[in-house]
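Below is structure01.cif, which holds mmCIF, C-alpha atoms and all ligand atoms.
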```cif
data_query
#
loop_
_atom_site.label_atom_id
_atom_site.label_comp_id
_atom_site.auth_asym_id
_atom_site.auth_seq_id
_atom_site.Cartn_x
_atom_site.Cartn_y
_atom_site.Cartn_z
CA MET A 156 -2.24 53.38 133.22
CA ALA A 157 -4.72 55.89 134.60
CA GLU A 158 -7.65 53.57 133.79
CA PHE A 159 -6.35 51.06 136.36
CA ALA A 160 -5.29 53.60 139.01
CA GLU A 161 -7.97 52.43 141.47
CA PHE A 162 -6.83 48.83 141.00
CA GLY A 163 -3.21 49.88 141.65
CA ALA A 164 -4.20 51.68 144.86
CA ARG A 165 -6.15 48.62 146.03
CA GLU A 166 -3.18 46.37 145.31
CA PHE A 167 -0.91 48.66 147.33
CA ASP A 168 -3.35 48.71 150.27
CA GLY A 169 -3.82 44.93 150.15
CA TRP A 170 -0.13 44.05 149.99
CA SER A 171 0.51 46.51 152.84
CA ASP A 172 -1.91 44.60 155.09
CA GLY A 173 0.08 42.40 157.50
CA GLY A 174 -2.76 39.86 157.82
CA ILE A 175 -2.98 39.32 154.05
CA VAL A 176 0.82 39.16 153.74
CA ASP A 177 1.13 36.55 156.52
CA ALA A 178 -1.68 34.43 155.02
CA TYR A 179 -0.11 34.75 151.54
CA VAL A 180 3.23 33.52 152.88
CA ARG A 181 1.53 30.57 154.59
CA HIS A 182 -0.81 29.47 151.79
CA PHE A 183 0.64 30.67 148.48
CA VAL A 184 4.40 30.78 148.89
CA PRO A 185 4.83 26.97 149.07
CA ILE A 186 3.37 27.00 145.52
CA THR A 187 4.99 30.21 144.22
CA ASP A 188 8.39 28.96 145.43
CA LEU A 189 8.05 25.96 143.08
CA ALA A 190 7.76 28.40 140.18
CA ALA A 191 10.66 30.47 141.57
CA GLY A 192 12.93 27.42 141.37
CA LYS A 193 11.86 26.82 137.76
CA LEU A 194 12.44 30.48 136.80
CA ILE A 195 16.00 30.33 138.12
CA SER A 196 16.84 26.92 136.68
CA GLY A 197 19.20 27.23 133.70
CA ARG A 198 18.88 31.02 133.64
CA VAL A 199 21.08 32.25 136.50
CA SER A 200 24.81 31.77 137.07
CA ALA A 201 27.05 32.98 139.87
CA GLY A 202 28.03 36.60 139.37
CA ASP A 203 24.98 37.51 137.25
CA THR A 204 23.17 40.73 138.14
CA VAL A 205 19.54 39.68 138.67
CA LEU A 206 16.44 41.66 139.61
CA ASP A 207 13.58 39.92 141.43
CA LEU A 208 10.73 42.24 140.40
CA CYS A 209 7.75 42.34 142.80
CA CYS A 210 9.94 40.31 145.16
CA GLY A 211 7.31 40.21 147.92
CA GLN A 212 8.51 38.11 150.85
CA GLY A 213 11.92 37.62 149.18
CA SER A 214 12.14 33.86 148.82
CA LEU A 215 13.17 34.04 145.14
CA THR A 216 15.60 36.85 146.00
CA GLN A 217 17.24 34.56 148.56
CA MET A 218 17.40 31.65 146.07
CA LEU A 219 19.26 34.00 143.71
CA ALA A 220 21.70 35.06 146.43
CA GLU A 221 22.32 31.37 147.28
CA ARG A 222 23.23 30.81 143.60
CA GLY A 223 25.92 33.47 143.91
CA ALA A 224 24.04 36.05 141.84
CA ALA A 225 24.20 39.75 142.70
CA ALA A 226 20.51 39.77 143.68
CA THR A 227 18.25 42.81 143.94
CA GLY A 228 14.61 42.61 145.06
CA LEU A 229 12.14 45.39 144.31
CA ASP A 230 8.62 45.74 145.68
CA PHE A 231 6.30 48.62 146.63
CA SER A 232 4.98 47.10 149.87
CA PRO A 233 6.94 47.99 153.05
CA GLU A 234 5.24 45.03 154.79
CA MET A 235 6.59 42.62 152.15
CA LEU A 236 9.99 44.33 152.06
CA ALA A 237 10.44 43.81 155.81
CA LYS A 238 10.03 40.08 155.19
CA ALA A 239 12.36 40.17 152.15
CA ARG A 240 15.12 41.88 154.15
CA GLN A 241 14.93 39.05 156.69
CA ALA A 242 14.72 36.28 154.09
CA ALA A 243 17.52 37.58 151.87
CA PRO A 244 20.08 39.39 154.06
CA GLY A 245 22.76 39.21 151.35
CA ALA A 246 20.61 40.86 148.67
CA THR A 247 19.88 44.50 147.89
CA ILE A 248 16.24 45.16 148.74
CA VAL A 249 14.67 48.27 147.22
CA GLU A 250 11.32 49.96 147.76
CA GLY A 251 9.90 51.14 144.46
CA ASP A 252 7.29 50.89 141.73
CA ALA A 253 7.68 48.37 138.90
CA ALA A 254 6.49 51.06 136.49
CA ALA A 255 9.24 53.56 137.49
CA MET A 256 12.27 51.60 138.64
CA PRO A 257 15.15 53.35 140.38
CA PHE A 258 17.78 51.50 138.32
CA ALA A 259 20.17 52.42 135.49
CA ASP A 260 19.66 51.42 131.86
CA GLY A 261 21.09 47.95 131.16
CA GLN A 262 21.91 47.31 134.84
CA PHE A 263 20.73 43.67 134.94
CA ASP A 264 21.61 40.47 133.08
CA THR A 265 18.26 38.98 134.07
CA VAL A 266 14.91 40.18 135.43
CA LEU A 267 12.59 37.62 137.04
CA CYS A 268 9.01 38.31 138.12
CA ASN A 269 7.28 35.57 140.09
CA PHE A 270 3.50 36.16 140.25
CA GLY A 271 3.97 39.92 140.16
CA MET A 272 2.96 41.04 136.67
CA MET A 273 -0.79 40.49 137.14
CA HIS A 274 -0.72 42.77 140.20
CA ILE A 275 0.88 45.72 138.37
CA ALA A 276 -1.59 48.40 137.31
CA ASP A 277 0.46 49.81 134.40
CA GLN A 278 1.84 46.69 132.75
CA PRO A 279 2.98 48.29 129.45
CA ARG A 280 5.05 50.80 131.41
CA ALA A 281 6.46 48.08 133.69
CA LEU A 282 7.42 45.99 130.64
CA GLY A 283 9.13 49.04 129.18
CA GLU A 284 11.04 49.45 132.43
CA ILE A 285 12.03 45.77 132.41
CA ARG A 286 13.46 46.22 128.91
CA ARG A 287 15.23 49.44 129.93
CA VAL A 288 16.99 47.93 132.98
CA LEU A 289 18.02 44.77 131.06
CA ARG A 290 21.22 44.71 129.02
CA PRO A 291 20.65 43.97 125.31
CA GLY A 292 20.41 40.18 125.00
CA GLY A 293 19.44 39.87 128.69
CA THR A 294 16.62 37.59 129.86
CA PHE A 295 13.21 38.31 131.34
CA ALA A 296 11.25 35.40 132.84
CA MET A 297 7.96 35.42 134.75
CA ALA A 298 5.41 33.08 136.30
CA THR A 299 1.67 33.62 136.30
CA TRP A 300 -1.55 31.67 136.91
CA ASN A 301 -3.17 29.85 134.01
CA SER A 302 -6.81 30.56 133.23
CA PRO A 303 -9.65 28.75 135.04
CA ALA A 304 -10.21 26.54 131.95
CA ALA A 305 -6.81 24.94 132.64
CA SER A 306 -6.74 25.29 136.41
CA PRO A 307 -9.19 23.48 138.73
CA ALA A 308 -8.47 25.74 141.75
CA PHE A 309 -9.21 28.89 139.78
CA ALA A 310 -12.22 27.22 138.12
CA ALA A 311 -13.69 26.58 141.60
CA ILE A 312 -13.05 30.13 142.84
CA PHE A 313 -14.01 32.06 139.71
CA GLY A 314 -16.98 29.77 138.99
CA ALA A 315 -18.44 30.54 142.43
CA LEU A 316 -17.70 34.28 142.17
CA LYS A 317 -19.27 34.44 138.71
CA ALA A 318 -22.36 32.60 139.89
CA HIS A 319 -22.96 34.54 143.11
CA ALA A 320 -20.89 37.73 143.57
CA ASP A 321 -21.88 41.28 142.66
CA VAL A 322 -18.74 42.48 140.88
CA SER A 323 -20.05 45.98 140.14
CA ALA A 324 -17.95 47.55 142.92
CA ALA A 325 -14.67 45.91 141.83
CA PRO A 326 -12.21 48.28 140.12
CA ALA A 327 -11.36 47.76 136.44
CA GLN A 328 -8.14 45.78 136.15
CA PRO A 329 -5.77 44.35 133.54
CA ASP A 330 -6.75 40.89 132.28
CA LEU A 331 -5.55 38.54 135.04
CA PHE A 332 -4.85 35.76 132.55
CA ALA A 333 -3.44 37.74 129.59
CA PHE A 334 0.07 36.29 129.90
CA ALA A 335 -1.31 32.76 130.25
CA ASP A 336 -2.26 32.97 126.57
CA PRO A 337 0.88 32.49 124.41
CA GLY A 338 -0.34 34.78 121.62
CA GLN A 339 -1.24 37.63 123.98
CA ALA A 340 1.97 37.16 125.98
CA ARG A 341 4.08 37.34 122.81
CA ALA A 342 2.35 40.56 121.70
CA LEU A 343 2.54 42.25 125.11
CA LEU A 344 6.24 41.43 125.39
CA ALA A 345 7.01 42.44 121.78
CA ALA A 346 5.48 45.88 122.37
CA ALA A 347 8.30 46.41 124.91
CA GLN A 348 11.05 45.04 122.62
CA LEU A 349 11.10 41.72 124.50
CA GLU A 350 11.09 38.69 122.21
CA MET A 351 9.25 35.72 123.69
CA ALA A 352 11.49 32.65 123.82
CA GLU A 353 9.44 30.11 125.83
CA HIS A 354 5.88 29.66 127.07
CA ALA A 355 5.48 26.53 129.21
CA THR A 356 3.11 25.31 131.91
CA PHE A 357 3.37 23.11 134.98
CA ASP A 358 0.92 21.90 137.62
CA ALA A 359 1.04 22.30 141.39
CA ALA A 360 -1.73 21.71 143.96
CA TRP A 361 -3.19 22.85 147.25
CA ARG A 362 -3.37 19.91 149.65
CA LEU A 363 -6.25 20.48 152.07
CA ASP A 364 -7.66 18.71 155.12
CA ARG A 365 -11.16 20.23 154.71
CA PRO A 366 -13.08 21.24 151.55
CA GLU A 367 -13.78 24.68 153.10
CA GLU A 368 -10.08 25.55 153.13
CA LEU A 369 -9.83 26.66 149.49
CA PHE A 370 -12.39 29.43 150.09
CA GLU A 371 -10.61 30.41 153.33
CA ILE A 372 -7.26 30.66 151.50
CA PHE A 373 -8.63 32.97 148.81
CA LEU A 374 -10.56 35.02 151.39
CA THR A 375 -7.57 35.65 153.64
CA ALA A 376 -4.46 35.39 151.45
CA THR A 377 -5.37 37.26 148.23
CA VAL A 378 -5.94 40.93 147.57
CA GLY A 379 -8.45 41.00 144.69
CA ALA A 380 -10.60 37.93 145.41
CA GLY A 381 -10.45 38.56 149.18
CA MET A 382 -11.61 42.15 148.91
CA LEU A 383 -14.35 41.20 146.44
CA ILE A 384 -15.65 38.49 148.79
CA ARG A 385 -15.55 40.81 151.82
CA SER A 386 -17.59 43.41 149.89
CA GLN A 387 -20.53 40.95 149.48
CA SER A 388 -23.52 40.50 151.81
CA ALA A 389 -23.26 37.78 154.47
CA GLY A 390 -25.76 35.63 152.54
CA THR A 391 -23.74 35.91 149.33
CA VAL A 392 -20.48 35.06 151.12
CA GLU A 393 -22.17 31.92 152.46
CA LYS A 394 -23.26 30.91 148.95
CA ILE A 395 -19.76 31.49 147.54
CA ALA A 396 -18.12 29.50 150.35
CA ALA A 397 -20.60 26.63 149.99
CA ALA A 398 -20.21 26.45 146.19
CA ILE A 399 -16.42 26.25 146.43
CA ALA A 400 -16.49 23.65 149.22
CA ARG A 401 -19.01 21.54 147.28
CA ARG A 402 -16.81 21.54 144.18
CA VAL A 403 -13.67 20.66 146.16
CA SER A 404 -15.49 17.88 147.96
CA GLU A 405 -17.07 16.43 144.78
CA MET A 406 -14.08 16.72 142.44
CA HIS A 407 -10.86 16.78 144.43
CA ALA A 408 -10.97 14.17 147.22
CA ALA A 409 -7.55 12.52 147.61
CA GLY A 410 -6.78 10.01 150.37
CA THR A 411 -8.02 11.38 153.69
CA GLY A 412 -8.05 14.98 152.38
CA TYR A 413 -8.31 16.97 149.16
CA GLU A 414 -5.89 17.95 146.42
CA VAL A 415 -6.84 20.85 144.17
CA PRO A 416 -4.57 21.32 141.13
CA VAL A 417 -3.49 24.74 139.96
CA SER A 418 -1.79 25.37 136.61
CA ILE A 419 1.09 27.82 136.24
CA ALA A 420 2.57 29.44 133.12
CA LEU A 421 6.30 30.19 132.84
CA ILE A 422 7.22 32.71 130.18
CA SER A 423 10.66 33.91 129.11
CA ALA A 424 11.85 36.54 126.67
CA THR A 425 15.07 38.07 125.36
CA ALA A 426 15.76 41.80 125.38
CA ARG A 427 16.21 42.99 121.80
C1 LIG B 1 1.46 37.84 144.63
S1 LIG B 1 2.76 38.73 145.36
C2 LIG B 1 4.17 37.86 144.73
C3 LIG B 1 5.28 37.77 145.76
C4 LIG B 1 6.49 36.95 145.36
N1 LIG B 1 7.13 37.41 144.14
C5 LIG B 1 6.25 35.46 145.26
O1 LIG B 1 6.98 34.84 144.51
O2 LIG B 1 5.41 34.88 145.94
C6 LIG B 1 2.74 40.20 144.37
C7 LIG B 1 3.73 41.25 144.81
O3 LIG B 1 3.75 42.30 143.85
C8 LIG B 1 3.95 43.53 144.52
N2 LIG B 1 3.51 44.61 143.61
C9 LIG B 1 2.30 44.75 143.03
N3 LIG B 1 2.30 45.84 142.25
C10 LIG B 1 3.54 46.40 142.32
C11 LIG B 1 4.15 47.53 141.71
N4 LIG B 1 3.48 48.33 140.89
N5 LIG B 1 5.43 47.79 142.01
C12 LIG B 1 6.13 47.00 142.86
N6 LIG B 1 5.60 45.91 143.48
C13 LIG B 1 4.31 45.61 143.20
C14 LIG B 1 3.13 43.37 145.79
O4 LIG B 1 3.52 44.27 146.80
C15 LIG B 1 3.41 41.91 146.16
O5 LIG B 1 4.51 41.81 147.02
#
```
Here is the file; what I need is its structure written in the form of structure tokens.
Amino acid sequence: MAEFAEFGAREFDGWSDGGIVDAYVRHFVPITDLAAGKLISGRVSAGDTVLDLCCGQGSLTQMLAERGAAATGLDFSPEMLAKARQAAPGATIVEGDAAAMPFADGQFDTVLCNFGMMHIADQPRALGEIRRVLRPGGTFAMATWNSPAASPAFAAIFGALKAHADVSAAPAQPDLFAFADPGQARALLAAAQLEMAEHATFDAAWRLDRPEELFEIFLTATVGAGMLIRSQSAGTVEKIAAAIARRVSEMHAAGTGYEVPVSIALISATAR
């Protein structure tokens, strides 16, 4: 969608940055892999043709290959794709845009998208492409973050950004939490002839040694939040970091460290 073109370009630049990609793999993938396992469970059998859309580092793609599926991973970041080729040597790894996929109509039994949808600039077009490359009756399943109201980690980050950051320079973007809402998810999917079948949630957590770590993770390992924080003055960055650390320290102490829960939505749909 042209209105989110600047957001799309920023996403491409961010996911092409080796430092962000390495930090993402270190800090987020232990959590996103939990969702990957749940997306596969009960949905993929040996011999199925399965697309891992926005495959990133390729850990879900490799899980699919281990299940005996004919696995394909697609992503637009060469930096991520280099990691995916290493992680999933038995899969087909393709460079491309989720909104214009280089695949035939009805090519896949299943399309999975693990924490990719919210990074896609033109989501209606990508959903249309998902429907096009699925066979009729095929399955689409995705994982996404739940909103801050349900998710203490995101409440800490977004609360501090809302209180202190100047967001005027951030590009307009699709609603990060649209698919976390069952009603919105159903409508967005239905517009692409995908009938929502399930909308479930589960909790994971970041286990930290220091309360400052949550800020450091979002600064170094995310595209949107990281770039927004880096665009602030030094004084503002200090306020954001302190607010997040204070909240982690006050609300999430666990044993000798800290445990900050994060809530994840799993959504599945059937191609009409
Ligand atoms: C948060 S990462 C998710 C990586 C991985 N799926 C996981 O489970 O951790 C988002 C991925 O979406 C990719 N991406 C974002 N927009 C895309 C688009 N329009 N087309 C293809 N890939 C895209 C990025 O390059 C990045 O690898």
Residue contacts of Gly228 in chain A (8 Å, all atoms listed in the file) excluding same-chain residues fewer than 5 positions away, as a ChimeraX atom specification = /A:206-210,213,216,239,246-249
Output C-alpha atoms for every residue in that selection, as a PDB file, in the frame of the given file.
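What follows is the written file result-v3.pdb:
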```
ATOM      1  CA  LEU A 206      16.440  41.660 139.610  1.00  0.00           C
ATOM      2  CA  ASP A 207      13.580  39.920 141.430  1.00  0.00           C
ATOM      3  CA  LEU A 208      10.730  42.240 140.400  1.00  0.00           C
ATOM      4  CA  CYS A 209       7.750  42.340 142.800  1.00  0.00           C
ATOM      5  CA  CYS A 210       9.940  40.310 145.160  1.00  0.00           C
ATOM      6  CA  GLY A 213      11.920  37.620 149.180  1.00  0.00           C
ATOM      7  CA  THR A 216      15.600  36.850 146.000  1.00  0.00           C
ATOM      8  CA  ALA A 239      12.360  40.170 152.150  1.00  0.00           C
ATOM      9  CA  ALA A 246      20.610  40.860 148.670  1.00  0.00           C
ATOM     10  CA  THR A 247      19.880  44.500 147.890  1.00  0.00           C
ATOM     11  CA  ILE A 248      16.240  45.160 148.740  1.00  0.00           C
ATOM     12  CA  VAL A 249      14.670  48.270 147.220  1.00  0.00           C
TER      13      VAL A 249
END
```
So which residues touch Leu331 in chain A within 10 Å, counting only C-alpha atoms, skipping near sequence neighbours fewer than 4 positions away, as a PyMOL selection string?
-> chain A and resi 272-274+299-302+335
Please identify every polymer residue within 8 Å of ligand LIG 1 (chain B), using only C-alpha atoms and all ligand atoms, and present the set as a PyMOL selection string.
-> chain A and resi 163+166-167+170-171+179-180+183-184+187-188+190-191+207-215+229-232+235-236+250-254+268-277+281+377
Which distance in Å separates CA of Ser306 in chain A and CA of Gly379 in chain A, to one decimal?
->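 Answer for the CA of Ser306 in chain A to CA of Gly379 in chain A separation: 17.8 Å.
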Just the residues within 12 Å of Arg402 in chain A, please, counting all atoms listed in the file, with nothing from its chain fewer than 2 positions along; format it as a list in words.
-> Pro307, Ala308, Phe309, Ala310, Ala311, Ile312, Phe313, Gly314, Ala315, Pro366, Glu367, Glu368, Leu369, Phe370, Ile395, Ala396, Ala397, Ala398, Ile399, Ala400, Ser404, Glu405, Met406, His407, Ala408, Tyr413, Glu414 and Val415 of chain A
Can you spit out the residues from that selection as a PDB file, in the coordinates of the input, using C-alpha atoms?
```pdb
ATOM      1  CA  PRO A 307      -9.190  23.480 138.730  1.00  0.00           C
ATOM      2  CA  ALA A 308      -8.470  25.740 141.750  1.00  0.00           C
ATOM      3  CA  PHE A 309      -9.210  28.890 139.780  1.00  0.00           C
ATOM      4  CA  ALA A 310     -12.220  27.220 138.120  1.00  0.00           C
ATOM      5  CA  ALA A 311     -13.690  26.580 141.600  1.00  0.00           C
ATOM      6  CA  ILE A 312     -13.050  30.130 142.840  1.00  0.00           C
ATOM      7  CA  PHE A 313     -14.010  32.060 139.710  1.00  0.00           C
ATOM      8  CA  GLY A 314     -16.980  29.770 138.990  1.00  0.00           C
ATOM      9  CA  ALA A 315     -18.440  30.540 142.430  1.00  0.00           C
ATOM     10  CA  PRO A 366     -13.080  21.240 151.550  1.00  0.00           C
ATOM     11  CA  GLU A 367     -13.780  24.680 153.100  1.00  0.00           C
ATOM     12  CA  GLU A 368     -10.080  25.550 153.130  1.00  0.00           C
ATOM     13  CA  LEU A 369      -9.830  26.660 149.490  1.00  0.00           C
ATOM     14  CA  PHE A 370     -12.390  29.430 150.090  1.00  0.00           C
ATOM     15  CA  ILE A 395     -19.760  31.490 147.540  1.00  0.00           C
ATOM     16  CA  ALA A 396     -18.120  29.500 150.350  1.00  0.00           C
ATOM     17  CA  ALA A 397     -20.600  26.630 149.990  1.00  0.00           C
ATOM     18  CA  ALA A 398     -20.210  26.450 146.190  1.00  0.00           C
ATOM     19  CA  ILE A 399     -16.420  26.250 146.430  1.00  0.00           C
ATOM     20  CA  ALA A 400     -16.490  23.650 149.220  1.00  0.00           C
ATOM     21  CA  SER A 404     -15.490  17.880 147.960  1.00  0.00           C
ATOM     22  CA  GLU A 405     -17.070  16.430 144.780  1.00  0.00           C
ATOM     23  CA  MET A 406     -14.080  16.720 142.440  1.00  0.00           C
ATOM     24  CA  HIS A 407     -10.860  16.780 144.430  1.00  0.00           C
ATOM     25  CA  ALA A 408     -10.970  14.170 147.220  1.00  0.00           C
ATOM     26  CA  TYR A 413      -8.310  16.970 149.160  1.00  0.00           C
ATOM     27  CA  GLU A 414      -5.890  17.950 146.420  1.00  0.00           C
ATOM     28  CA  VAL A 415      -6.840  20.850 144.170  1.00  0.00           C
TER      29      VAL A 415
END
```
Would you mind listing what lies within 6 Å of range 220-224 of chain A as a PyMOL selection string, with only C-alpha atoms counted and same-chain residues fewer than 2 positions away left out?
-> chain A and resi 201-203+217-218+226
Between A:Ala243, A:Ala359, A:Val205, A:Ala157, which has the minimum distance to Arg290 in chain A (counting only C-alpha atoms)?
->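 Selected residue with least distance to Arg290 in chain A: A:Val205.
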Compare A:Ile285, A:Ala420, A:Leu316, A:Ala160 by their minimum atom-to-atom distance to Phe334 in chain A, counting only C-alpha atoms, and give me the closest one.
->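 That would be A:Ala420, the residue with the smallest distance to Phe334 in chain A.
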